[in-house]
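Colleague: Okay, handing you the structure first.
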Amino acid sequence: MSKHVSRRARAKAPTAANPILRSGIVGLMVACGVAAVDLALPDTANAQSSNGQPSNGQAPGAKPAAAPAANGTGSPRASQDPVLLTADQVTFDEVNSLVTASGNVELAQGKRSVRADKITYDQKTKIVTATGKIRLVEPSGDIIFADYAELTDDMKDVFIENIRVLMTDNGRVAGNEGERREGRLTRINRGVYSPCDLCKEDPTRPPLWQIRAVRIVHDNEEHEVRYKDATMEIFGIPVGYTPYLSHPDPSVDRKSGFLTPSFGNDSNMGAILKTHYYWDIAPDQDATFDLHYYSQEGPLLGGQYRKRFENGRLELEGAITRGDVANSTTVPKETRNRGYIAARGLFDIDETWRAGFDIKRASDPTFLRRYYGFREDYLTSKAYVEGFRGRNYAAVTAYSFQDMRYGNTIPEPVTLPYAQYNALGEPGSLLGGRWSFDTSLLAVSRLKNGGPDTQRIMAQPGWERNIVSNAGFVTNLSGSVLIAGYTAQQFNTADPSSRGDDNASRFRFFPQGQATVRYPFVRYGESSSQLVEPIGQLTVAPKLSNSKVFPNEDSLDIEFDDVNLLQPNRFTGIDRLDDGMRFTYGIRTAIYGNSQGSASLFLGQSHRLTDSSVGFTGGSGLEDRVSDYVGRLDLQPADWLDVNYGFRIDHETLKPRRHSLNASAGVPLLRLSTAYTYVDQTTSRTAVTRNRVEQANFGLSSQLTNYWNLGIGHTQAMEPQPGPRSSVAILTYSDECLIFQTVAQRDYTISTTGEKDGNTIFFRLVFKNVGEFKSPGLNASFLGGGSSNQ
């Protein structure tokens, strides 16, 4: 005898308690015909079916069993989520104790649900059977597909035939059969795993790569996927075997384990293998250990440590090896322990103040070049405390430098302290403008008796106001007064940058005023707007006496260009000042597209009205009363072209003294780029031999397909020593499951340390989700590269 309840009748179907009402699926399946059943509903034991008979699953006249309490320890549902069932129809076979739901069946409990064409519950065995297009959604978000499944009444234990699993990171697992126990372990026999998409034209083809194993176990508590007797297959071809393999499941952001290694060859160090181990210490800290093997050098051991605090962060890095320092005819070979250390931190003290440090030190000038390709002249270390409040800023900083140029005997200074305070007033707070106040304290020491040692204190109040007239003139008025005091030991008045025998004390008072007038002409068109803006500027300051009587720590060089043409002081600091009166003029023109594209050109020059005592060096562009012409062109008509060109032209000969070009053109399929630099540093215009530096970088990139990318770069020097400097080519394949990268480098330089030119080729193969490190190592960040976040 069976009972059948259609979709139309289910609204009247009972949800009464009965002798077989149990927790989970048991009670749910007895509530036959209800489209959405919540076992937490109140007792409805007296409800009648459509034929007027009690619908409690018992024979007529039988005494109904007491319904379980809705709450309390006696309730089998007290600690479980309610179970919901929807189906087109439900049938109850009282003779065989079978409850069957069919037609778009969905069974849900908490975050776990099952969909199938048909679900049957056997009251005798307490087994739920699902057949036909089964989809089981796990609380983790994983989706299990199958054609046949058997579940226990609490949905924790499952047996599945022909199982397929889609993980939250798009990884896929498939096997002949699988089972889940206690809601924790999902075990798949004779299974495969791959995050690769299947071929759309032929889904039966093997994916790009997959792991085939005798057994695959997914542990939901340990959040780990483990393999027994695993074989790596690429395009269906076995390429490697391991008796055991594991990796974190998609719910894990970080997990300890070996990362993907890289390997290659270097003409100086031989074959190279770089291995990495990641250690997930705690949610707020982790570490990476690096072990590099070289066939012609000793191994290198390195590591990085990262920790987050409630008020800051800390990053440490280091490496050590035992290898050759140099090997050439000029520099003798020496084998010794070598390495480097680096540390960086930033901590908030309160809402205003924070403290930080960035420390870098190497055992010798050649270590970072040899093992990390670092080619800068200096390593800069600093520690600081700084504060921000409104428009005010204060900081105390200490600097130390390590010279990375082999054989350089010039001592590097130590700056302790460099204290500064900058304040800026509200707009309109003083005479219609805003005031400013800057002050600093500087102490520079040269510990290796290279002198001089310098101490400086300065204060500079200032004022600035912008005025826009009815006629359209835009005027900027500004003024400042610099007050500075100097003391110096071992000072040399003939050459302030070298060691002397004098102890000097100096005082400086330097007022300066500036008025800048612009008159912009603007025209608006249908597709673009145009701008023509002439600029005139008058700068007034007293003429200074011989500047060499003052120490010079921050104005050792000058680069005259369009950026500092309109600045009050064209030097980089305040130890040398741009004195006297001068008039500066220029013109700016631009066109801006209403939808896209822009182009602008600036050209300017300055004319000194009085002689200067500063004595700009020859070739600086400011040595005469009339300066060189400086300008800049910016051109970006569309995404396919971007040009930035700066120049300086000799005002007498009209010959170029400086070119700086950065340009890129093309589309993703083929894009070219260049960075060109030309500087003529010759001090005399009539000199036959020119002191010029000319170098260019060329680059090509191509997104060959959706997956393949090619990048090529080359650096070529034209003067003073013509020849190639370096070349690099990078070929990358990247899809949803694999990254393969080949990096080939050629270094043509020979340093004074004995580091010869050589070739290097590296291979990087990353199987995504299996030992992947998703960001650059800390060394790239410490040495001037990118981010170091995990």
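So you can find residues: chains in the structure tokens are A, B, ... in the order shown, residues in each start at 1, and ligands are numbered from 1 in order.
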Would you pick out the contacts of Val630 in chain A at 7 Å or less, using only C-alpha atoms, so that residues sharing its chain but fewer than 5 positions from it are not included, and give the list as a VMD selection string?

Modeller: chain A and resid 561 to 562 603 to 605 647 to 649

Colleague: Kindly export the residues of the current selection with C-alpha atoms, as a short mmCIF file (atom, residue, chain, number, x, y, z; two decimals), in the first residue's frame.

Modeller:
```
data_model
loop_
_atom_site.label_atom_id
_atom_site.label_comp_id
_atom_site.auth_asym_id
_atom_site.auth_seq_id
_atom_site.Cartn_x
_atom_site.Cartn_y
_atom_site.Cartn_z
CA ASP A 561 65.41 71.24 -17.29
CA ASP A 562 61.78 72.28 -17.67
CA LEU A 603 59.39 75.80 -24.17
CA GLY A 604 61.18 78.19 -21.85
CA GLN A 605 64.36 80.14 -21.01
CA PHE A 647 65.28 68.45 -24.17
CA ARG A 648 67.83 71.20 -23.54
CA ILE A 649 69.33 73.15 -26.45
#
```

Colleague: Quick one: residues within 6 Å of range 616-620 of chain A, only C-alpha atoms, excluding same-chain residues fewer than 3 positions away - as a PyMOL selection string?

Modeller: chain A and resi 623+681-683

Colleague: Export, as a PDB file, in the first residue's frame, the selected residues with C-alpha atoms.

Modeller:
```pdb
ATOM      1  CA  GLU A 623      76.688  79.373 -16.712  1.00  0.00           C
ATOM      2  CA  GLN A 681      78.597  67.456 -20.240  1.00  0.00           C
ATOM      3  CA  THR A 682      81.361  69.313 -22.078  1.00  0.00           C
ATOM      4  CA  THR A 683      82.240  72.454 -20.111  1.00  0.00           C
TER       5      THR A 683
END
```

Colleague: So that I can see what lies close to Asp122 in chain A, please list as a list in words the residues with an atom at most 10 Å from it, counting only C-alpha atoms and leaving out residues fewer than 4 positions away in the same chain.

Modeller: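 These residues fall inside the cut-off: Val26, Met29, Asp93, Asn96, Ser97, Leu98, Val99, Thr100, Lys126, Ile127, Val128, Thr129 and Asp153 of chain A.
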
Colleague: Restricting it to C-alpha atoms, dump the selection as a compact mmCIF listing (two decimals), in the first residue's frame.

Modeller:
```txt
# COMPACT_ATOMS: atom_id res chain seq x y z
CA VAL A 26 14.08 10.47 8.36
CA MET A 29 10.83 12.02 4.08
CA ASP A 93 5.21 2.91 0.28
CA ASN A 96 8.30 -1.63 1.93
CA SER A 97 8.86 1.39 4.20
CA LEU A 98 10.07 3.49 1.25
CA VAL A 99 9.58 7.19 0.76
CA THR A 100 10.29 8.40 -2.76
CA LYS A 126 18.08 4.42 7.06
CA ILE A 127 19.75 4.93 3.69
CA VAL A 128 18.89 7.69 1.23
CA THR A 129 19.46 6.86 -2.43
CA ASP A 153 20.00 10.19 7.04
```

Colleague: Considering only C-alpha atoms, state which residue in the set A:Ser440, A:Arg187, A:Ile467, A:Trp640 is at the smallest distance from Gly428 in chain A.

Modeller: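 For Gly428 in chain A, the nearest of the candidates is A:Ile467.
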
Colleague: Report the residues of range 171-364 of chain A whose backbone DSSP state falls under strand (DSSP E or B), written as a short mmCIF file (atom, residue, chain, number, x, y, z; two decimals) with N, CA and C atoms, in the first residue's frame.

Modeller:
```
data_model
loop_
_atom_site.label_atom_id
_atom_site.label_comp_id
_atom_site.auth_asym_id
_atom_site.auth_seq_id
_atom_site.Cartn_x
_atom_site.Cartn_y
_atom_site.Cartn_z
N ARG A 172 39.28 20.56 -10.53
CA ARG A 172 38.34 19.46 -10.78
C ARG A 172 38.96 18.15 -10.34
N VAL A 173 38.13 17.32 -9.72
CA VAL A 173 38.52 15.97 -9.32
C VAL A 173 37.48 15.01 -9.88
N ALA A 174 37.93 13.92 -10.45
CA ALA A 174 37.02 12.91 -10.99
C ALA A 174 37.55 11.54 -10.64
N GLY A 175 36.63 10.57 -10.45
CA GLY A 175 37.04 9.21 -10.13
C GLY A 175 35.93 8.22 -10.37
N ASN A 176 36.29 6.93 -10.32
CA ASN A 176 35.30 5.89 -10.53
C ASN A 176 34.28 5.84 -9.41
N GLU A 177 34.75 6.02 -8.18
CA GLU A 177 33.85 6.00 -7.04
C GLU A 177 34.46 6.80 -5.91
N GLY A 178 33.59 7.26 -5.03
CA GLY A 178 34.07 8.05 -3.91
C GLY A 178 33.15 7.92 -2.72
N GLU A 179 33.66 8.34 -1.58
CA GLU A 179 32.86 8.30 -0.35
C GLU A 179 33.29 9.43 0.56
N ARG A 180 32.32 9.88 1.39
CA ARG A 180 32.62 10.87 2.40
C ARG A 180 32.22 10.30 3.74
N ARG A 181 33.11 10.49 4.72
CA ARG A 181 32.86 9.95 6.05
C ARG A 181 32.86 11.07 7.08
N LEU A 185 36.09 13.61 5.56
CA LEU A 185 36.99 13.04 4.57
C LEU A 185 36.22 12.63 3.33
N THR A 186 36.64 13.17 2.19
CA THR A 186 36.12 12.73 0.90
C THR A 186 37.21 11.93 0.21
N ARG A 187 36.94 10.65 0.00
CA ARG A 187 37.94 9.75 -0.56
C ARG A 187 37.49 9.31 -1.95
N ILE A 188 38.38 9.46 -2.94
CA ILE A 188 38.08 9.11 -4.32
C ILE A 188 39.10 8.07 -4.78
N ASN A 189 38.62 6.97 -5.28
CA ASN A 189 39.49 5.90 -5.76
C ASN A 189 39.69 6.04 -7.27
N ARG A 190 40.93 5.78 -7.68
CA ARG A 190 41.32 5.85 -9.09
C ARG A 190 40.84 7.16 -9.70
N GLY A 191 41.38 8.26 -9.11
CA GLY A 191 40.93 9.59 -9.50
C GLY A 191 42.00 10.43 -10.18
N VAL A 192 41.58 11.55 -10.71
CA VAL A 192 42.47 12.52 -11.33
C VAL A 192 42.09 13.90 -10.82
N TYR A 193 43.10 14.79 -10.76
CA TYR A 193 42.88 16.18 -10.36
C TYR A 193 43.52 17.10 -11.39
N SER A 194 42.82 18.19 -11.73
CA SER A 194 43.37 19.19 -12.64
C SER A 194 42.58 20.47 -12.51
N TRP A 209 47.41 19.54 -18.03
CA TRP A 209 48.12 18.68 -17.07
C TRP A 209 47.12 18.19 -16.03
N GLN A 210 47.42 17.04 -15.47
CA GLN A 210 46.58 16.47 -14.43
C GLN A 210 47.41 15.55 -13.55
N ILE A 211 46.92 15.33 -12.34
CA ILE A 211 47.53 14.38 -11.40
C ILE A 211 46.62 13.17 -11.30
N ARG A 212 47.14 12.04 -11.67
CA ARG A 212 46.38 10.79 -11.59
C ARG A 212 46.90 10.00 -10.40
N ALA A 213 45.99 9.52 -9.56
CA ALA A 213 46.40 8.84 -8.33
C ALA A 213 45.50 7.64 -8.06
N VAL A 214 46.07 6.67 -7.32
CA VAL A 214 45.28 5.51 -6.91
C VAL A 214 44.19 5.95 -5.93
N ARG A 215 44.52 6.92 -5.08
CA ARG A 215 43.53 7.42 -4.12
C ARG A 215 43.77 8.91 -3.90
N ILE A 216 42.67 9.67 -3.88
CA ILE A 216 42.70 11.10 -3.58
C ILE A 216 41.81 11.34 -2.37
N VAL A 217 42.34 11.99 -1.36
CA VAL A 217 41.60 12.26 -0.12
C VAL A 217 41.56 13.76 0.10
N HIS A 218 40.35 14.30 0.27
CA HIS A 218 40.15 15.71 0.60
C HIS A 218 39.72 15.81 2.06
N ASP A 219 40.57 16.38 2.89
CA ASP A 219 40.31 16.52 4.32
C ASP A 219 39.75 17.92 4.57
N GLU A 224 43.18 20.01 3.23
CA GLU A 224 44.31 19.49 2.47
C GLU A 224 43.81 18.42 1.50
N VAL A 225 44.45 18.38 0.32
CA VAL A 225 44.18 17.34 -0.66
C VAL A 225 45.42 16.46 -0.74
N ARG A 226 45.23 15.15 -0.48
CA ARG A 226 46.36 14.22 -0.44
C ARG A 226 46.22 13.17 -1.54
N TYR A 227 47.37 12.76 -2.09
CA TYR A 227 47.38 11.79 -3.17
C TYR A 227 48.27 10.61 -2.78
N LYS A 228 47.83 9.41 -3.14
CA LYS A 228 48.61 8.20 -2.95
C LYS A 228 48.96 7.62 -4.32
N ASP A 229 50.25 7.32 -4.51
CA ASP A 229 50.73 6.80 -5.80
C ASP A 229 50.29 7.72 -6.93
N ALA A 230 50.83 8.93 -6.93
CA ALA A 230 50.40 9.96 -7.88
C ALA A 230 51.36 10.03 -9.07
N THR A 231 50.79 10.26 -10.23
CA THR A 231 51.55 10.42 -11.47
C THR A 231 51.15 11.74 -12.12
N MET A 232 52.15 12.57 -12.44
CA MET A 232 51.89 13.81 -13.15
C MET A 232 51.84 13.53 -14.64
N GLU A 233 50.77 13.98 -15.29
CA GLU A 233 50.61 13.80 -16.72
C GLU A 233 50.47 15.15 -17.40
N ILE A 234 51.18 15.34 -18.50
CA ILE A 234 51.07 16.54 -19.33
C ILE A 234 50.62 16.09 -20.71
N ILE A 237 50.42 12.42 -21.09
CA ILE A 237 51.66 11.64 -21.08
C ILE A 237 52.27 11.70 -19.69
N PRO A 238 52.52 10.56 -19.02
CA PRO A 238 53.13 10.57 -17.69
C PRO A 238 54.55 11.15 -17.75
N VAL A 239 54.85 12.09 -16.86
CA VAL A 239 56.18 12.71 -16.82
C VAL A 239 56.83 12.60 -15.45
N GLY A 240 56.12 12.16 -14.43
CA GLY A 240 56.70 12.05 -13.10
C GLY A 240 55.81 11.26 -12.17
N TYR A 241 56.44 10.64 -11.15
CA TYR A 241 55.70 9.81 -10.18
C TYR A 241 56.18 10.13 -8.79
N THR A 242 55.25 10.11 -7.83
CA THR A 242 55.59 10.24 -6.42
C THR A 242 54.64 9.38 -5.61
N PRO A 243 55.14 8.67 -4.60
CA PRO A 243 54.23 7.84 -3.78
C PRO A 243 53.28 8.68 -2.93
N TYR A 244 53.64 9.93 -2.67
CA TYR A 244 52.79 10.78 -1.82
C TYR A 244 52.91 12.21 -2.29
N LEU A 245 51.79 12.91 -2.30
CA LEU A 245 51.76 14.32 -2.69
C LEU A 245 50.58 14.97 -1.98
N SER A 246 50.75 16.21 -1.58
CA SER A 246 49.65 16.93 -0.94
C SER A 246 49.76 18.41 -1.29
N HIS A 247 48.62 19.08 -1.26
CA HIS A 247 48.58 20.53 -1.41
C HIS A 247 47.31 21.04 -0.74
N PRO A 248 47.27 22.32 -0.35
CA PRO A 248 46.08 22.85 0.33
C PRO A 248 44.88 22.93 -0.60
N GLY A 257 54.85 24.41 3.02
CA GLY A 257 55.19 23.41 2.02
C GLY A 257 56.19 23.95 1.02
N PHE A 258 56.68 23.07 0.16
CA PHE A 258 57.64 23.46 -0.87
C PHE A 258 56.93 24.21 -1.99
N SER A 262 62.72 26.83 -9.53
CA SER A 262 63.14 27.32 -10.84
C SER A 262 64.56 26.83 -11.09
N PHE A 263 64.92 26.71 -12.35
CA PHE A 263 66.24 26.17 -12.68
C PHE A 263 66.74 26.86 -13.94
N GLY A 264 68.06 26.79 -14.14
CA GLY A 264 68.64 27.43 -15.31
C GLY A 264 70.14 27.23 -15.33
N ASN A 265 70.82 28.11 -16.09
CA ASN A 265 72.26 28.00 -16.25
C ASN A 265 72.85 29.39 -16.39
N ASP A 266 74.00 29.60 -15.76
CA ASP A 266 74.74 30.85 -15.84
C ASP A 266 76.16 30.54 -16.26
N GLY A 270 77.48 28.30 -13.58
CA GLY A 270 77.09 26.96 -14.00
C GLY A 270 75.60 26.73 -13.87
N ALA A 271 75.23 25.47 -13.72
CA ALA A 271 73.82 25.10 -13.60
C ALA A 271 73.28 25.62 -12.27
N ILE A 272 72.01 26.07 -12.29
CA ILE A 272 71.39 26.70 -11.13
C ILE A 272 70.06 26.03 -10.85
N LEU A 273 69.83 25.71 -9.59
CA LEU A 273 68.53 25.21 -9.13
C LEU A 273 68.15 26.00 -7.89
N LYS A 274 66.98 26.66 -7.94
CA LYS A 274 66.50 27.46 -6.83
C LYS A 274 65.26 26.81 -6.24
N THR A 275 65.35 26.40 -4.99
CA THR A 275 64.22 25.77 -4.31
C THR A 275 63.77 26.67 -3.16
N HIS A 276 62.49 26.57 -2.83
CA HIS A 276 61.90 27.43 -1.81
C HIS A 276 60.95 26.62 -0.94
N TYR A 277 60.99 26.92 0.34
CA TYR A 277 60.05 26.31 1.28
C TYR A 277 59.31 27.42 2.01
N TYR A 278 57.99 27.33 1.99
CA TYR A 278 57.15 28.34 2.65
C TYR A 278 56.65 27.80 3.98
N TRP A 279 56.79 28.61 5.05
CA TRP A 279 56.38 28.21 6.40
C TRP A 279 55.29 29.17 6.88
N ASP A 280 54.10 28.65 7.04
CA ASP A 280 52.98 29.42 7.57
C ASP A 280 53.02 29.31 9.08
N ILE A 281 53.68 30.25 9.73
CA ILE A 281 53.91 30.17 11.16
C ILE A 281 52.62 30.42 11.93
N ALA A 282 51.93 31.48 11.58
CA ALA A 282 50.70 31.87 12.27
C ALA A 282 49.95 32.81 11.35
N GLN A 285 52.10 35.89 10.76
CA GLN A 285 53.51 35.82 10.41
C GLN A 285 53.78 34.59 9.54
N ASP A 286 54.79 34.71 8.68
CA ASP A 286 55.19 33.60 7.84
C ASP A 286 56.65 33.79 7.45
N ALA A 287 57.20 32.80 6.78
CA ALA A 287 58.61 32.84 6.38
C ALA A 287 58.80 32.01 5.12
N THR A 288 59.85 32.32 4.39
CA THR A 288 60.24 31.58 3.20
C THR A 288 61.73 31.28 3.29
N PHE A 289 62.09 30.04 3.04
CA PHE A 289 63.49 29.63 3.05
C PHE A 289 63.92 29.31 1.61
N ASP A 290 65.07 29.83 1.20
CA ASP A 290 65.57 29.65 -0.15
C ASP A 290 66.88 28.87 -0.10
N LEU A 291 67.02 27.91 -0.99
CA LEU A 291 68.27 27.16 -1.14
C LEU A 291 68.60 27.12 -2.61
N HIS A 292 69.71 27.78 -2.98
CA HIS A 292 70.14 27.85 -4.37
C HIS A 292 71.38 26.98 -4.55
N TYR A 293 71.33 26.14 -5.57
CA TYR A 293 72.46 25.27 -5.89
C TYR A 293 73.13 25.78 -7.17
N TYR A 294 74.48 25.85 -7.15
CA TYR A 294 75.27 26.25 -8.31
C TYR A 294 76.34 25.19 -8.54
N GLU A 297 79.74 27.02 -7.96
CA GLU A 297 79.84 27.80 -6.74
C GLU A 297 79.23 27.01 -5.60
N GLY A 298 79.50 27.46 -4.39
CA GLY A 298 78.88 26.83 -3.24
C GLY A 298 77.41 27.18 -3.15
N PRO A 299 76.61 26.40 -2.43
CA PRO A 299 75.18 26.69 -2.30
C PRO A 299 74.94 27.98 -1.53
N LEU A 300 73.81 28.59 -1.80
CA LEU A 300 73.41 29.82 -1.12
C LEU A 300 72.15 29.54 -0.32
N LEU A 301 72.16 29.93 0.94
CA LEU A 301 71.02 29.76 1.83
C LEU A 301 70.47 31.13 2.18
N GLY A 302 69.19 31.33 1.92
CA GLY A 302 68.57 32.62 2.21
C GLY A 302 67.19 32.42 2.82
N GLY A 303 66.60 33.51 3.18
CA GLY A 303 65.26 33.43 3.75
C GLY A 303 64.66 34.78 4.00
N GLN A 304 63.34 34.78 4.14
CA GLN A 304 62.58 35.99 4.44
C GLN A 304 61.59 35.67 5.57
N TYR A 305 61.41 36.67 6.42
CA TYR A 305 60.47 36.53 7.53
C TYR A 305 59.57 37.76 7.53
N ARG A 306 58.26 37.53 7.67
CA ARG A 306 57.28 38.61 7.66
C ARG A 306 56.34 38.48 8.85
N LYS A 307 56.05 39.60 9.48
CA LYS A 307 55.14 39.58 10.62
C LYS A 307 54.32 40.87 10.63
N ARG A 308 53.03 40.70 10.92
CA ARG A 308 52.13 41.83 11.07
C ARG A 308 51.78 42.02 12.54
N PHE A 309 51.75 43.27 12.97
CA PHE A 309 51.33 43.62 14.31
C PHE A 309 50.06 44.45 14.22
N GLY A 312 51.59 47.75 13.10
CA GLY A 312 52.67 47.85 12.13
C GLY A 312 53.04 46.52 11.51
N ARG A 313 54.20 46.50 10.87
CA ARG A 313 54.67 45.30 10.20
C ARG A 313 56.19 45.26 10.26
N LEU A 314 56.73 44.03 10.11
CA LEU A 314 58.17 43.80 10.16
C LEU A 314 58.53 42.81 9.07
N GLU A 315 59.63 43.08 8.35
CA GLU A 315 60.11 42.18 7.31
C GLU A 315 61.62 42.06 7.43
N LEU A 316 62.09 40.83 7.43
CA LEU A 316 63.52 40.55 7.53
C LEU A 316 63.94 39.67 6.37
N GLU A 317 65.18 39.84 5.92
CA GLU A 317 65.68 39.02 4.83
C GLU A 317 67.18 38.91 4.93
N GLY A 318 67.71 37.81 4.43
CA GLY A 318 69.16 37.62 4.42
C GLY A 318 69.56 36.44 3.58
N ALA A 319 70.83 36.36 3.29
CA ALA A 319 71.37 35.24 2.53
C ALA A 319 72.84 35.10 2.87
N ILE A 320 73.34 33.88 2.77
CA ILE A 320 74.75 33.62 3.06
C ILE A 320 75.25 32.50 2.16
N THR A 321 76.50 32.60 1.77
CA THR A 321 77.14 31.57 0.96
C THR A 321 78.65 31.67 1.18
N ARG A 322 79.35 30.71 0.64
CA ARG A 322 80.79 30.76 0.64
C ARG A 322 81.23 30.63 -0.81
N GLY A 323 81.82 31.70 -1.33
CA GLY A 323 82.17 31.69 -2.73
C GLY A 323 83.28 32.65 -3.05
N ASP A 324 83.55 32.79 -4.35
CA ASP A 324 84.63 33.63 -4.83
C ASP A 324 84.19 35.08 -4.87
N THR A 335 88.21 33.35 -1.75
CA THR A 335 87.05 32.57 -1.34
C THR A 335 86.77 32.82 0.13
N ARG A 336 85.57 33.27 0.43
CA ARG A 336 85.22 33.58 1.82
C ARG A 336 83.71 33.56 1.97
N ASN A 337 83.26 33.71 3.22
CA ASN A 337 81.82 33.78 3.49
C ASN A 337 81.28 35.12 3.00
N ARG A 338 80.15 35.05 2.32
CA ARG A 338 79.56 36.25 1.74
C ARG A 338 78.05 36.25 2.01
N GLY A 339 77.46 37.41 1.97
CA GLY A 339 76.03 37.47 2.17
C GLY A 339 75.52 38.89 2.30
N TYR A 340 74.29 39.00 2.69
CA TYR A 340 73.68 40.31 2.93
C TYR A 340 72.53 40.15 3.91
N ILE A 341 72.16 41.24 4.53
CA ILE A 341 71.01 41.27 5.43
C ILE A 341 70.18 42.50 5.10
N ALA A 342 68.89 42.42 5.35
CA ALA A 342 67.99 43.54 5.13
C ALA A 342 66.85 43.44 6.13
N ALA A 343 66.40 44.59 6.56
CA ALA A 343 65.28 44.64 7.52
C ALA A 343 64.46 45.89 7.24
N ARG A 344 63.16 45.74 7.35
CA ARG A 344 62.28 46.88 7.12
C ARG A 344 61.09 46.77 8.06
N GLY A 345 60.70 47.89 8.63
CA GLY A 345 59.57 47.91 9.55
C GLY A 345 58.89 49.26 9.56
N LEU A 346 57.62 49.25 9.90
CA LEU A 346 56.85 50.48 10.01
C LEU A 346 55.80 50.27 11.11
N PHE A 347 55.79 51.17 12.11
CA PHE A 347 54.93 51.00 13.27
C PHE A 347 54.24 52.32 13.62
N ASP A 348 52.95 52.25 13.86
CA ASP A 348 52.19 53.42 14.29
C ASP A 348 52.35 53.60 15.79
N TRP A 353 51.92 60.01 15.11
CA TRP A 353 53.32 59.62 14.92
C TRP A 353 53.45 58.16 14.52
N ARG A 354 54.48 57.90 13.72
CA ARG A 354 54.86 56.54 13.37
C ARG A 354 56.37 56.47 13.23
N ALA A 355 56.92 55.26 13.36
CA ALA A 355 58.37 55.05 13.28
C ALA A 355 58.65 53.92 12.31
N GLY A 356 59.78 53.99 11.65
CA GLY A 356 60.12 52.96 10.68
C GLY A 356 61.61 52.88 10.45
N PHE A 357 62.01 51.84 9.75
CA PHE A 357 63.42 51.67 9.38
C PHE A 357 63.50 50.84 8.11
N ASP A 358 64.58 51.01 7.39
CA ASP A 358 64.86 50.27 6.16
C ASP A 358 66.37 50.10 6.08
N ILE A 359 66.84 48.92 6.46
CA ILE A 359 68.27 48.66 6.61
C ILE A 359 68.73 47.68 5.54
N LYS A 360 69.86 47.97 4.88
CA LYS A 360 70.44 47.07 3.88
C LYS A 360 71.96 47.08 4.05
N ARG A 361 72.54 45.88 4.08
CA ARG A 361 73.99 45.77 4.18
C ARG A 361 74.44 44.50 3.48
N ALA A 362 75.55 44.60 2.74
CA ALA A 362 76.13 43.47 2.03
C ALA A 362 77.56 43.25 2.51
#
```

Colleague: Expressed in Å to a single decimal, how great is the separation between CA of Leu601 in chain A and CA of Leu566 in chain A?

Modeller: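 So the two atoms, CA of Leu601 in chain A and CA of Leu566 in chain A, lie 15.7 Å apart.
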
Colleague: Return as a tab-separated table the residues of range 418-493 of chain A lying at most 9 Å from range 381-401 of chain A, together with the closest atom-to-atom pair for each and the distance in Å to one decimal, counting only C-alpha atoms, with rows in chain order and ascending residue number.

Modeller:
```
residue	atom	partner	partner_atom	distance
A:Tyr418	CA	A:Thr397	CA	5.1
A:Ala419	CA	A:Val396	CA	4.2
A:Gln420	CA	A:Ala395	CA	5.4
A:Tyr421	CA	A:Ala394	CA	4.3
A:Asn422	CA	A:Tyr393	CA	5.2
A:Ala423	CA	A:Asn392	CA	4.4
A:Leu424	CA	A:Arg391	CA	5.5
A:Gly425	CA	A:Arg391	CA	7.3
A:Glu426	CA	A:Arg391	CA	8.5
```

Colleague: For Thr715 in chain A, which residue among A:Tyr748, A:Val252, A:Asn691, A:Arg685 is the nearest when counting only C-alpha atoms?

Modeller: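 Closest to Thr715 in chain A, using only C-alpha atoms: A:Tyr748.
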
Colleague: Find the residues near range 163-170 of chain A: any atom within 6 Å, counting only C-alpha atoms, skip ones fewer than 5 places away on the same chain, and give them as a ChimeraX atom specification.

Modeller: /A:141-146,175,177,195,250

Colleague: Export, as a CSV table (one decimal), in the first residue's frame, the selected residues with N, CA and C atoms.

Modeller:
```csv
chain,number,residue,atom,x,y,z
A,141,GLY,N,31.5,25.2,-0.5
A,141,GLY,CA,31.3,25.7,-1.9
A,141,GLY,C,31.6,24.7,-3.0
A,142,ASP,N,32.3,23.6,-2.6
A,142,ASP,CA,32.6,22.6,-3.6
A,142,ASP,C,31.3,21.9,-4.1
A,143,ILE,N,31.2,21.6,-5.4
A,143,ILE,CA,30.0,20.9,-5.9
A,143,ILE,C,30.4,19.5,-6.4
A,144,ILE,N,29.7,18.5,-6.0
A,144,ILE,CA,29.9,17.2,-6.4
A,144,ILE,C,28.8,16.7,-7.4
A,145,PHE,N,29.2,16.2,-8.5
A,145,PHE,CA,28.3,15.6,-9.5
A,145,PHE,C,28.4,14.1,-9.5
A,146,ALA,N,27.3,13.5,-9.8
A,146,ALA,CA,27.3,12.0,-9.9
A,146,ALA,C,26.0,11.5,-10.5
A,175,GLY,N,36.6,10.6,-10.5
A,175,GLY,CA,37.0,9.2,-10.1
A,175,GLY,C,35.9,8.2,-10.4
A,177,GLU,N,34.8,6.0,-8.2
A,177,GLU,CA,33.8,6.0,-7.0
A,177,GLU,C,34.5,6.8,-5.9
A,195,PRO,N,43.3,21.6,-12.5
A,195,PRO,CA,42.6,22.9,-12.5
A,195,PRO,C,42.4,23.4,-13.9
A,250,PRO,N,41.2,24.7,-1.8
A,250,PRO,CA,40.9,26.1,-2.2
A,250,PRO,C,40.6,27.1,-1.0
```
